[in-house]
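Source file run29.cif; content: mmCIF, C-alpha atoms.
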data_entry
loop_
_atom_site.label_atom_id
_atom_site.label_comp_id
_atom_site.auth_asym_id
_atom_site.auth_seq_id
_atom_site.Cartn_x
_atom_site.Cartn_y
_atom_site.Cartn_z
CA MET A 103 207.48 200.03 123.55
CA ASN A 104 204.89 197.25 123.66
CA ASP A 105 204.71 197.48 119.91
CA PHE A 106 208.47 197.09 119.74
CA LEU A 107 208.56 194.04 122.03
CA ASN A 108 205.74 192.53 120.04
CA GLN A 109 207.79 192.94 116.87
CA ILE A 110 210.72 191.18 118.44
CA ARG A 111 208.48 188.29 119.49
CA LEU A 112 207.03 187.99 115.97
CA VAL A 113 210.50 187.99 114.45
CA GLY A 114 211.54 185.34 116.97
CA ASP A 115 208.57 183.23 115.90
CA TRP A 116 209.53 183.70 112.27
CA LEU A 117 213.14 182.74 112.87
CA THR A 118 212.26 179.60 114.81
CA SER A 119 209.38 178.33 112.69
CA SER A 120 210.46 175.08 111.05
CA GLN A 121 209.08 176.20 107.71
CA GLN A 122 211.89 178.77 107.47
CA TRP A 123 214.54 176.12 107.80
CA HIS A 124 213.50 173.77 104.97
CA GLY A 125 213.06 173.82 101.24
CA ASP A 126 214.00 176.09 98.37
CA GLU A 127 212.75 179.28 99.98
CA GLY A 128 214.17 178.63 103.44
CA ILE A 129 216.94 180.34 105.36
CA PRO A 130 219.66 177.68 104.70
CA ARG A 131 219.34 177.99 100.93
CA ARG A 132 219.40 181.82 101.03
CA LEU A 133 222.26 181.76 103.50
CA LEU A 134 224.26 179.52 101.19
CA GLU A 135 223.66 181.90 98.24
CA HIS A 136 224.60 184.85 100.43
CA LEU A 137 227.79 183.16 101.64
CA THR A 138 228.73 182.15 98.09
CA TYR A 139 228.41 185.73 96.81
CA SER A 140 230.21 187.20 99.82
CA GLY A 141 232.95 184.57 99.98
CA LEU A 142 233.78 184.62 96.27
CA SER A 143 233.86 188.40 96.02
CA LEU A 144 235.97 188.73 99.16
CA LEU A 145 238.41 186.19 97.78
CA PHE A 146 238.84 188.08 94.49
CA ALA A 147 238.93 191.46 96.26
CA ALA A 148 241.60 190.17 98.66
CA LEU A 149 243.70 188.88 95.75
CA ILE A 150 243.51 192.28 94.03
CA GLY A 151 243.76 194.47 97.14
CA LEU A 152 246.53 192.58 98.92
CA THR A 153 248.71 192.17 95.81
CA LEU A 154 248.43 195.83 94.80
CA GLY A 155 248.69 197.10 98.38
CA LEU A 156 251.83 195.08 99.14
CA LEU A 157 253.44 196.00 95.84
CA VAL A 158 252.76 199.74 96.10
CA GLY A 159 253.44 199.87 99.83
CA HIS A 160 256.79 198.11 99.47
CA THR A 161 258.08 199.98 96.43
CA GLY A 162 256.49 203.30 97.39
CA ARG A 163 255.67 203.80 93.70
CA GLY A 164 252.15 204.61 92.55
CA ALA A 165 250.90 205.85 95.91
CA PHE A 166 248.97 208.66 94.26
CA ALA A 167 247.40 206.26 91.75
CA VAL A 168 246.28 203.97 94.59
CA ALA A 169 244.68 206.85 96.50
CA SER A 170 242.85 207.99 93.34
CA VAL A 171 241.59 204.50 92.47
CA VAL A 172 240.37 203.96 96.04
CA ASN A 173 238.52 207.29 96.01
CA LEU A 174 236.95 206.56 92.66
CA ALA A 175 235.89 203.03 93.66
CA ARG A 176 234.37 204.28 96.93
CA ALA A 177 232.14 206.64 94.97
CA ILE A 178 230.56 203.85 92.87
CA PRO A 179 226.97 203.24 93.97
CA THR A 180 226.90 199.44 94.49
CA PHE A 181 223.15 199.27 93.94
CA GLY A 182 223.48 201.07 90.60
CA LEU A 183 226.36 198.84 89.49
CA VAL A 184 224.40 195.63 90.24
CA VAL A 185 221.39 196.91 88.29
CA LEU A 186 223.52 198.14 85.38
CA VAL A 187 225.36 194.84 84.94
CA VAL A 188 222.05 192.94 85.14
CA THR A 189 220.61 195.19 82.43
CA LEU A 190 223.65 194.73 80.21
CA ALA A 191 224.58 191.10 80.82
CA GLY A 192 221.35 189.54 82.08
CA LEU A 193 220.62 187.74 85.31
CA SER A 194 223.61 185.81 86.62
CA THR A 195 226.05 185.79 89.51
CA THR A 196 228.43 188.10 87.65
CA PRO A 197 226.67 191.42 88.44
CA VAL A 198 226.72 190.73 92.14
CA LEU A 199 230.35 189.67 92.12
CA VAL A 200 231.49 192.66 90.04
CA ALA A 201 229.72 195.13 92.32
CA LEU A 202 230.82 193.48 95.57
CA ILE A 203 234.45 193.22 94.43
CA ALA A 204 234.39 196.93 93.58
CA LEU A 205 233.03 197.55 97.08
CA ALA A 206 235.56 195.36 98.90
CA VAL A 207 238.81 196.31 97.15
CA PRO A 208 239.17 199.90 98.53
CA PRO A 209 239.36 199.11 102.27
CA ILE A 210 241.66 196.10 101.71
CA LEU A 211 243.93 198.01 99.33
CA ILE A 212 244.24 201.22 101.35
CA ASN A 213 244.86 199.44 104.67
CA THR A 214 247.45 197.07 103.21
CA PHE A 215 249.18 199.99 101.54
CA GLU A 216 249.11 202.19 104.68
CA GLY A 217 250.23 199.27 106.85
CA VAL A 218 253.26 198.43 104.74
CA ARG A 219 254.17 202.07 104.13
CA GLY A 220 253.86 202.81 107.83
CA VAL A 221 256.62 200.36 108.79
CA ASP A 222 259.50 202.29 110.37
CA PRO A 223 262.19 202.86 107.68
CA ALA A 224 264.87 202.06 110.29
CA THR A 225 263.34 198.59 110.79
CA ARG A 226 263.29 198.06 107.05
CA ASP A 227 266.93 199.14 106.74
CA ALA A 228 267.92 196.89 109.62
CA ALA A 229 266.29 193.95 107.84
CA ARG A 230 268.24 194.74 104.67
CA GLY A 231 271.36 195.20 106.80
CA VAL A 232 271.19 191.66 108.16
CA GLY A 233 271.13 190.43 104.58
CA MET A 234 267.45 189.89 103.83
CA THR A 235 266.38 190.00 100.18
CA GLU A 236 263.60 192.41 99.19
CA TRP A 237 261.16 189.49 99.18
CA GLU A 238 262.19 188.49 102.72
CA VAL A 239 261.88 192.09 103.90
CA LEU A 240 258.33 192.12 102.58
CA VAL A 241 257.22 188.71 103.82
CA ARG A 242 259.09 188.49 107.13
CA VAL A 243 259.16 192.12 108.29
CA GLU A 244 256.63 194.34 106.54
CA VAL A 245 253.70 191.94 106.34
CA PRO A 246 253.85 190.83 110.00
CA MET A 247 254.10 194.45 111.14
CA ALA A 248 251.31 195.61 108.85
CA LEU A 249 249.09 192.67 109.82
CA PRO A 250 246.84 194.52 112.31
CA LEU A 251 245.95 197.12 109.66
CA ILE A 252 245.64 194.52 106.89
CA LEU A 253 243.22 192.50 109.03
CA LEU A 254 241.23 195.65 109.82
CA GLY A 255 240.88 196.32 106.09
CA LEU A 256 239.75 192.75 105.43
CA ARG A 257 237.25 192.93 108.28
CA VAL A 258 235.72 196.22 107.09
CA ALA A 259 235.49 194.78 103.58
CA ALA A 260 233.91 191.54 104.81
CA ILE A 261 231.25 193.32 106.85
CA GLN A 262 230.42 195.71 104.02
CA VAL A 263 230.15 192.83 101.58
CA VAL A 264 227.93 190.74 103.89
CA ALA A 265 225.60 193.72 104.49
CA THR A 266 225.55 194.86 100.87
CA ALA A 267 225.09 191.45 99.23
CA THR A 268 221.42 191.98 100.15
CA VAL A 269 220.99 194.28 97.13
CA ALA A 270 221.48 191.21 94.90
CA ALA A 271 217.89 190.26 95.68
CA TYR A 272 216.46 193.38 94.05
CA PRO A 273 217.03 192.29 90.45
CA GLY A 274 216.14 188.72 91.53
CA LEU A 275 219.45 187.08 92.37
CA GLY A 276 218.61 185.59 95.76
CA GLY A 277 220.68 185.71 98.92
CA LEU A 278 219.39 186.84 102.28
CA GLY A 279 218.16 190.09 100.75
CA ARG A 280 215.35 187.99 99.23
CA PHE A 281 213.50 188.07 102.56
CA ILE A 282 213.92 191.84 102.80
CA VAL A 283 212.81 192.55 99.23
CA ASP A 284 209.87 190.11 99.45
CA GLY A 285 208.84 191.51 102.81
CA LEU A 286 209.03 194.98 101.32
CA SER A 287 206.73 194.20 98.38
CA ARG A 288 204.26 192.23 100.54
CA ASN A 289 204.38 194.74 103.38
CA ASP A 290 205.39 191.84 105.60
CA TYR A 291 207.34 193.45 108.41
CA GLU A 292 208.49 190.25 110.13
CA LEU A 293 210.01 188.96 106.93
CA VAL A 294 212.05 192.17 106.51
CA ILE A 295 213.28 192.25 110.08
CA GLY A 296 213.81 188.49 110.24
CA GLY A 297 215.94 188.57 107.09
CA SER A 298 217.94 191.53 108.42
CA ALA A 299 218.46 189.78 111.74
CA VAL A 300 220.14 186.87 109.93
CA VAL A 301 222.39 189.34 108.04
CA VAL A 302 223.32 191.21 111.22
CA ALA A 303 224.09 187.90 112.96
CA LEU A 304 226.33 186.98 110.04
CA ALA A 305 228.13 190.34 110.25
CA LEU A 306 228.67 189.85 113.98
CA ILE A 307 230.12 186.38 113.38
CA VAL A 308 232.52 187.94 110.86
CA GLN A 309 233.51 190.56 113.43
CA VAL A 310 234.18 187.93 116.10
CA ALA A 311 236.06 185.71 113.65
CA PHE A 312 238.41 188.55 112.76
CA THR A 313 239.03 189.42 116.41
CA ALA A 314 239.95 185.78 117.03
CA LEU A 315 242.12 185.69 113.92
CA ARG A 316 244.00 188.77 115.11
CA ARG A 317 244.71 187.15 118.47
CA LEU A 318 245.95 184.09 116.65
CA ILE A 319 248.23 185.48 113.95
CA VAL A 320 249.39 188.95 115.01
CA SER A 321 252.79 188.81 116.71
CA PRO A 322 252.47 189.33 120.49
CA GLY A 323 255.03 192.15 120.28
CA LEU A 324 252.58 194.16 118.18
CA ARG A 325 249.50 193.62 120.34
CA VAL A 326 249.82 196.91 122.19
CA SER A 327 249.79 198.99 119.02
CA ALA A 328 247.19 196.71 117.48
CA ALA A 329 244.78 197.44 120.31
CA LYS A 330 244.79 201.08 119.31
CA SER A 331 243.80 200.62 115.68
CA MET B 241 218.69 194.81 76.89
CA SER B 242 217.54 194.68 73.25
CA ASP B 243 220.20 194.33 70.55
CA GLY B 244 221.54 197.50 69.01
CA GLU B 245 220.62 199.62 72.05
CA PRO B 246 223.60 201.89 72.79
CA LEU B 247 224.93 202.13 76.34
CA VAL B 248 224.08 205.82 76.43
CA ARG B 249 221.52 207.70 74.37
CA TRP B 250 222.77 211.29 74.56
CA GLY B 251 219.45 212.60 73.27
CA TRP B 252 217.67 211.18 76.35
CA ILE B 253 220.07 213.02 78.65
CA ALA B 254 219.50 216.30 76.78
CA ASP B 255 215.72 215.83 76.95
CA HIS B 256 215.82 215.19 80.69
CA ALA B 257 218.43 217.79 81.70
CA GLY B 258 216.07 219.84 83.86
CA GLU B 259 214.61 216.81 85.63
CA LEU B 260 218.10 215.37 86.17
CA ALA B 261 219.20 218.62 87.79
CA ASP B 262 216.24 218.46 90.21
CA TYR B 263 217.00 214.88 91.23
CA THR B 264 220.68 215.78 91.61
CA GLY B 265 219.72 218.50 94.08
CA VAL B 266 217.55 216.09 96.07
CA HIS B 267 220.35 213.51 96.00
CA LEU B 268 222.86 215.98 97.41
CA ARG B 269 220.49 216.92 100.23
CA LEU B 270 219.76 213.28 101.10
CA GLY B 271 223.45 212.39 101.03
CA LEU B 272 225.05 215.34 102.77
CA LEU B 273 222.62 216.34 105.53
CA PRO B 274 223.21 212.96 107.24
CA VAL B 275 226.96 213.65 107.27
CA LEU B 276 226.29 217.00 108.91
CA PHE B 277 223.95 215.43 111.49
CA GLY B 278 226.47 212.62 111.99
CA LEU B 279 229.17 215.18 112.71
CA ILE B 280 226.93 217.02 115.17
CA VAL B 281 226.46 213.74 117.06
CA SER B 282 230.01 212.41 116.67
CA VAL B 283 232.02 215.41 117.84
CA PRO B 284 230.55 215.54 121.39
CA LEU B 285 230.41 211.73 121.50
CA GLY B 286 234.05 211.52 120.40
CA ILE B 287 235.09 214.11 123.00
CA LEU B 288 233.35 212.08 125.72
CA CYS B 289 234.94 208.84 124.50
CA HIS B 290 238.35 210.48 124.45
CA ARG B 291 237.90 211.73 128.01
CA TRP B 292 236.47 208.50 129.42
CA ARG B 293 238.15 205.66 127.55
CA TRP B 294 235.85 202.98 128.99
CA LEU B 295 233.02 204.58 127.02
CA TYR B 296 234.79 204.10 123.68
CA ALA B 297 234.48 200.31 123.29
CA PRO B 298 230.69 200.12 123.85
CA VAL B 299 230.01 203.18 121.66
CA LEU B 300 232.14 201.78 118.84
CA THR B 301 230.49 198.36 119.14
CA VAL B 302 227.02 199.88 118.81
CA ALA B 303 228.15 202.01 115.84
CA ASN B 304 229.66 198.95 114.16
CA ILE B 305 226.52 196.88 114.68
CA LEU B 306 224.41 199.67 113.16
CA TYR B 307 226.84 199.74 110.25
CA SER B 308 226.38 196.02 109.60
CA ILE B 309 222.59 196.31 109.23
CA PRO B 310 221.89 196.37 105.48
CA SER B 311 220.66 199.80 104.37
CA LEU B 312 217.66 198.13 102.75
CA ALA B 313 216.57 196.73 106.10
CA LEU B 314 217.32 199.84 108.12
CA PHE B 315 215.21 201.94 105.75
CA MET B 316 212.35 199.49 106.25
CA ILE B 317 212.62 199.59 110.03
CA PHE B 318 212.25 203.36 109.91
CA VAL B 319 209.38 203.33 107.41
CA ARG B 320 207.24 202.04 110.26
CA TYR B 321 207.96 205.09 112.37
CA THR B 322 208.66 207.91 109.92
CA GLY B 323 206.68 206.82 106.86
CA LEU B 324 207.78 207.12 103.24
CA THR B 325 209.60 210.39 103.76
CA GLU B 326 213.11 211.72 103.30
CA ARG B 327 213.69 211.31 107.02
CA THR B 328 213.44 207.55 106.57
CA VAL B 329 216.51 207.67 104.33
CA MET B 330 218.43 210.30 106.26
CA ILE B 331 218.20 208.77 109.75
CA PRO B 332 219.83 205.44 108.74
CA LEU B 333 222.49 207.26 106.68
CA THR B 334 223.25 209.42 109.73
CA LEU B 335 223.63 206.30 111.87
CA TYR B 336 226.04 204.78 109.32
CA THR B 337 228.35 207.81 109.43
CA LEU B 338 228.95 207.26 113.15
CA SER B 339 231.10 204.16 112.59
CA VAL B 340 233.64 206.28 110.66
CA LEU B 341 233.24 209.66 112.36
CA VAL B 342 233.41 208.69 116.05
CA PRO B 343 236.74 206.77 115.73
CA ASN B 344 238.21 209.61 113.68
CA VAL B 345 237.20 212.25 116.23
CA VAL B 346 238.76 210.12 118.98
CA ASP B 347 241.92 209.44 116.95
CA GLY B 348 242.10 213.13 116.02
CA LEU B 349 241.98 214.17 119.67
CA ALA B 350 244.55 211.49 120.51
CA SER B 351 246.84 212.99 117.85
CA VAL B 352 247.14 216.24 119.83
CA PRO B 353 250.69 216.29 121.22
CA GLU B 354 250.81 216.14 125.02
CA PRO B 355 253.05 219.28 125.30
CA VAL B 356 250.38 221.27 123.40
CA ARG B 357 247.74 220.13 125.87
CA LEU B 358 249.97 221.01 128.81
CA ALA B 359 250.89 224.39 127.33
CA ALA B 360 247.22 225.29 126.90
CA THR B 361 246.48 224.26 130.47
CA ALA B 362 249.47 226.24 131.71
CA MET B 363 248.18 229.30 129.88
CA GLY B 364 245.04 229.06 131.96
CA PHE B 365 242.67 227.39 129.47
CA GLY B 366 239.84 225.51 131.18
CA THR B 367 238.98 222.03 129.88
CA ALA B 368 236.08 223.16 127.68
CA ARG B 369 237.98 226.07 126.17
CA ARG B 370 241.07 223.92 125.61
CA VAL B 371 239.05 221.27 123.77
CA VAL B 372 237.25 223.77 121.53
CA GLN B 373 240.06 226.23 120.81
CA VAL B 374 243.15 224.01 120.84
CA GLU B 375 242.43 220.30 120.57
CA LEU B 376 239.61 220.28 117.99
CA PRO B 377 241.46 222.52 115.49
CA ILE B 378 244.49 220.22 115.73
CA ALA B 379 242.21 217.20 115.24
CA VAL B 380 240.65 218.68 112.07
CA PRO B 381 242.79 216.78 109.51
CA VAL B 382 241.96 213.37 111.01
CA VAL B 383 238.29 214.31 111.46
CA ILE B 384 238.04 215.50 107.85
CA ALA B 385 239.66 212.29 106.64
CA GLY B 386 236.67 210.54 108.26
CA VAL B 387 234.17 213.06 106.88
CA ARG B 388 235.51 212.38 103.37
CA VAL B 389 234.90 208.64 103.68
CA ALA B 390 231.48 209.21 105.28
CA ALA B 391 230.38 211.74 102.63
CA VAL B 392 231.46 209.62 99.67
CA SER B 393 229.76 206.46 100.96
CA SER B 394 226.65 208.37 102.08
CA ILE B 395 226.21 209.86 98.61
CA SER B 396 226.54 206.48 96.94
CA LEU B 397 224.19 204.80 99.47
CA VAL B 398 221.33 207.28 98.90
CA ALA B 399 220.40 205.39 95.72
CA VAL B 400 219.24 202.36 97.77
CA GLY B 401 216.60 204.65 99.31
CA GLN B 402 214.81 204.44 95.97
CA LEU B 403 213.36 201.12 97.15
CA ILE B 404 211.17 203.18 99.48
CA GLY B 405 210.72 205.86 96.83
CA GLN B 406 213.23 208.37 98.23
CA GLY B 407 216.49 207.71 96.44
CA GLY B 408 217.35 210.93 94.61
CA LEU B 409 219.17 209.85 91.45
CA GLY B 410 218.42 206.25 92.42
CA TYR B 411 215.09 206.89 90.71
CA TYR B 412 216.81 206.50 87.36
CA ILE B 413 218.41 203.20 88.42
CA THR B 414 215.08 201.47 89.13
CA ARG B 415 213.49 203.23 86.14
CA GLY B 416 216.20 201.90 83.83
CA LEU B 417 215.71 198.36 85.12
CA GLN B 418 211.93 198.54 84.64
CA LEU B 419 212.30 199.86 81.08
CA ASP B 420 215.30 197.60 80.30
CA PHE B 421 217.01 200.80 79.15
CA PRO B 422 220.62 201.40 80.33
CA THR B 423 220.92 205.14 79.61
CA PRO B 424 219.21 206.34 82.83
CA ILE B 425 221.23 203.85 84.90
CA VAL B 426 224.56 204.90 83.40
CA THR B 427 223.64 208.58 83.78
CA ALA B 428 222.63 208.12 87.41
CA ILE B 429 225.82 206.21 88.28
CA ALA B 430 227.96 208.84 86.55
CA LEU B 431 226.19 211.74 88.31
CA ILE B 432 226.40 210.03 91.72
CA MET B 433 230.14 209.41 91.29
CA LEU B 434 230.61 212.98 90.10
CA LEU B 435 228.78 214.34 93.17
CA ALA B 436 230.83 212.13 95.50
CA LEU B 437 234.16 213.09 93.95
CA ALA B 438 233.29 216.81 93.81
CA THR B 439 232.28 216.71 97.48
CA ASP B 440 235.52 214.92 98.30
CA ALA B 441 237.54 217.58 96.49
CA LEU B 442 235.69 220.38 98.31
CA LEU B 443 236.44 218.70 101.65
CA VAL B 444 240.16 218.52 100.81
CA LEU B 445 240.00 222.23 99.99
CA ALA B 446 238.11 222.99 103.21
CA GLN B 447 240.75 221.16 105.19
CA ARG B 448 243.55 223.18 103.59
CA LEU B 449 241.77 226.39 104.47
CA LEU B 450 241.04 225.26 108.02
CA THR B 451 244.51 223.98 108.83
CA PRO B 452 247.04 226.14 106.99
CA TRP B 453 249.76 224.86 109.35
CA SER B 454 249.58 221.19 108.44
CA ARG B 455 249.79 221.19 104.67
CA ASN B 456 250.81 217.95 102.94
CA LYS B 457 251.15 216.01 106.14
CA VAL B 458 247.76 214.37 106.28
CA ARG B 459 247.17 210.73 105.50
CA VAL B 460 243.76 209.43 104.54
CA ALA B 461 242.85 206.46 106.68
#
Please express the file's structure as structure tokens.
Amino acid sequence: MNDFLNQIRLVGDWLTSSQQWHGDEGIPRRLLEHLTYSGLSLLFAALIGLTLGLLVGHTGRGAFAVASVVNLARAIPTFGLVVLVVTLAGLSTTPVLVALIALAVPPILINTFEGVRGVDPATRDAARGVGMTEWEVLVRVEVPMALPLILLGLRVAAIQVVATATVAAYPGLGGLGRFIVDGLSRNDYELVIGGSAVVVALALIVQVAFTALRRLIVSPGLRVSAAKS
Amino acid sequence: MSDGEPLVRWGWIADHAGELADYTGVHLRLGLLPVLFGLIVSVPLGILCHRWRWLYAPVLTVANILYSIPSLALFMIFVRYTGLTERTVMIPLTLYTLSVLVPNVVDGLASVPEPVRLAATAMGFGTARRVVQVELPIAVPVVIAGVRVAAVSSISLVAVGQLIGQGGLGYYITRGLQLDFPTPIVTAIALIMLLALATDALLVLAQRLLTPWSRNKVRVA
């Protein structure tokens, strides 16, 4: 236990030492790289996942294809994909983005699809009955009702991406994983735990941000069912 | 990669078939035992959370925090206590499965229709017997949906364990990078995906056998 408390103190020292907060090797620079990788890949994954999910959920066509693609994509080892693309295409941001997009699309796609498909057919028919076009049914009825699930998918994807972007450091692409990989090779425990602490803090911020976002944009009428998911 | 090097050298795969089979076996063990352990922890934990709802939020928060710790870091934390052994890979992977399995056990139990619960009670089932003989079997489809997600991601995460020398097929991923030779990397990725998808298919089959009454009604979350 003393050993454990000692570790925490050392990590605290590491996190607060001014040397960590300046220069090319400091936390801000690595954080920026990490956020760039995570943000860009989430953006692309959301574009792919939301578009496909809404399309398939609304039309009901291609449900089987979506389930198969999601299964297949979930099975891809992210670490392997990063290393493979680095070997084939050389060191650049592309390998990280490709692998992280592949990681983030499945939860966004499946939740969007399930959310839209799960809308009560009677509600959908009522919307058509009052004269809404298909586009209006999608944007004004299905999306708002599916929003809790869609946000859950985005949140899961965001947390996975933030945690996994650390593998980018293995083939030498920076990000917060740099501290972990360097600590690993130098047997420097504080560096490993310190780097992970920053990643965990980032993941928690993401979690809180999504909770706040849900409060803000999910219709109050849906809050009760949203609390369950 | 040097010019003219093909993506896959089939001869290399043929030469290493025996070794590949060994690593595949190790990979399966490292990937699937954690799911089993995770299930052993999650089922009682899920039952408790279902019974006392106030317990659910803190348990889920802890599971989600564990899930957000990068695997690379979690492996390292355990190296200090369990050394460079297979346990160091399996304990973190077990912890990761909780964030999928606990909610699915709770949701599965919540999916049991109230009349069924009442009927079992009326027939004289005690709480423990009702949970084991009536509620858990009805929860199986939702629980297995979680097991499928946990198993597939566990199998693909094992490879990261190679950074502490215990990654099953991940061995070929780091090897390929060191040698600047894509064949082992491609082979490892293909085998890992194959293992994950085969496991997934077996779980679907297991679910059909376990719940003959609910065919074609299950949705994967």
With a cut-off of 6 Å and counting all atoms listed in the file, select all residues of chain A in contact with chain B and give the selection as a PyMOL selection string.
-> chain A and resi 177-179+182+189-190+265+298+302+305
What does the PyMOL selection byres ((chain A and resi 247) around 10) select in this file, as a PyMOL selection string?
-> chain A and resi 217-218+220-222+240-246+248-252+320-321+323-324+328
So for region 230-247 of chain A, what box centre and size do we get, axis-aligned, 5 Å extra on each of the six sides, every listed atom, Å to one decimal, as lines of an AutoDock Vina configuration file?
center_x = 262.5
center_y = 191.8
center_z = 105.2
size_x = 27.7
size_y = 16.7
size_z = 22.0
Output the residue selection produced by the PyMOL selection byres ((chain A and resi 285) around 12) on the file above, formatted as a list in words.
->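 Expected selection for the PyMOL selection byres ((chain A and resi 285) around 12) here is Ala271, Tyr272, Leu278, Gly279, Arg280, Phe281, Ile282, Val283, Asp284, Leu286, Ser287, Arg288, Asn289, Asp290, Tyr291, Glu292, Leu293, Val294, Ile295, Gly296, Gly297 and Ser298 of chain A; Leu312, Ala313, Met316 and Ile317 of chain B.
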Residues at most 9 Å from Arg257 (chain A), counting all atoms listed in the file, excluding those fewer than 5 positions away in the same chain, as JSON, numbers by chain?
-> {"A": [209, 210, 252, 262, 308, 309, 312]}
Next, dump the selected residues to file, keeping only C-alpha atoms, as a PDB file, in the frame of the given file.
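Dumped everything to selection21.pdb:
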ATOM      1  CA  PRO A 209     239.360 199.110 102.270  1.00  0.00           C
ATOM      2  CA  ILE A 210     241.660 196.100 101.710  1.00  0.00           C
ATOM      3  CA  ILE A 252     245.640 194.520 106.890  1.00  0.00           C
ATOM      4  CA  GLN A 262     230.420 195.710 104.020  1.00  0.00           C
ATOM      5  CA  VAL A 308     232.520 187.940 110.860  1.00  0.00           C
ATOM      6  CA  GLN A 309     233.510 190.560 113.430  1.00  0.00           C
ATOM      7  CA  PHE A 312     238.410 188.550 112.760  1.00  0.00           C
TER       8      PHE A 312
END
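Here the PyMOL selection byres ((chain B and resi 268) around 9) catches exactly these residues: Tyr263, Thr264, Gly265, Val266, His267, Arg269, Leu270, Gly271, Leu272, Leu273, Ile395, Val398, Gly408, Ile432 and Leu435 of chain B.
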Enter the distance from CA of Glu375 (chain B) to CA of Trp292 (chain B), in Å, rounded to one decimal.
->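 Distance reported for this atom pair: 15.9 Å.
You will find CA of Val342 (chain B) at 27.6 Å from CA of Leu318 (chain A).
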Please, what distance in Å, to one decimal, runs between CA of Ala206 (chain A) and CA of Ala259 (chain A)?
->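 We find that CA of Ala206 (chain A) and CA of Ala259 (chain A) lie 4.7 Å from each other.
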Using all atoms listed in the file, what residues lie at most 9 Å away from (242.4, 219.6, 125.6) (file coordinates), given as a PyMOL selection string?
-> chain B and resi 349+352+356-358+360-361+365-376
As a PDB file with C-alpha atoms, keeping the file's coordinate frame, please: the residues near Phe318 (chain B) (cut-off 9 Å, all atoms listed in the file, same-chain neighbours under 4 positions excluded).
ATOM      1  CA  ALA B 313     216.570 196.730 106.100  1.00  0.00           C
ATOM      2  CA  LEU B 314     217.320 199.840 108.120  1.00  0.00           C
ATOM      3  CA  THR B 322     208.660 207.910 109.920  1.00  0.00           C
ATOM      4  CA  GLY B 323     206.680 206.820 106.860  1.00  0.00           C
ATOM      5  CA  LEU B 324     207.780 207.120 103.240  1.00  0.00           C
ATOM      6  CA  ARG B 327     213.690 211.310 107.020  1.00  0.00           C
ATOM      7  CA  THR B 328     213.440 207.550 106.570  1.00  0.00           C
ATOM      8  CA  VAL B 329     216.510 207.670 104.330  1.00  0.00           C
ATOM      9  CA  ILE B 331     218.200 208.770 109.750  1.00  0.00           C
ATOM     10  CA  PRO B 332     219.830 205.440 108.740  1.00  0.00           C
TER      11      PRO B 332
END
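The nearest approach to Gly407 (chain B) among the residues B:Ala362, B:Ala390, B:Leu333, B:Leu442, with only C-alpha atoms taken into account, belongs to B:Leu333.
Minimum atom-to-atom distance to Leu202 (chain A), evaluated using only C-alpha atoms, belongs to A:Ala147 out of A:Ala147, A:Val232, A:Leu152, A:Leu134.
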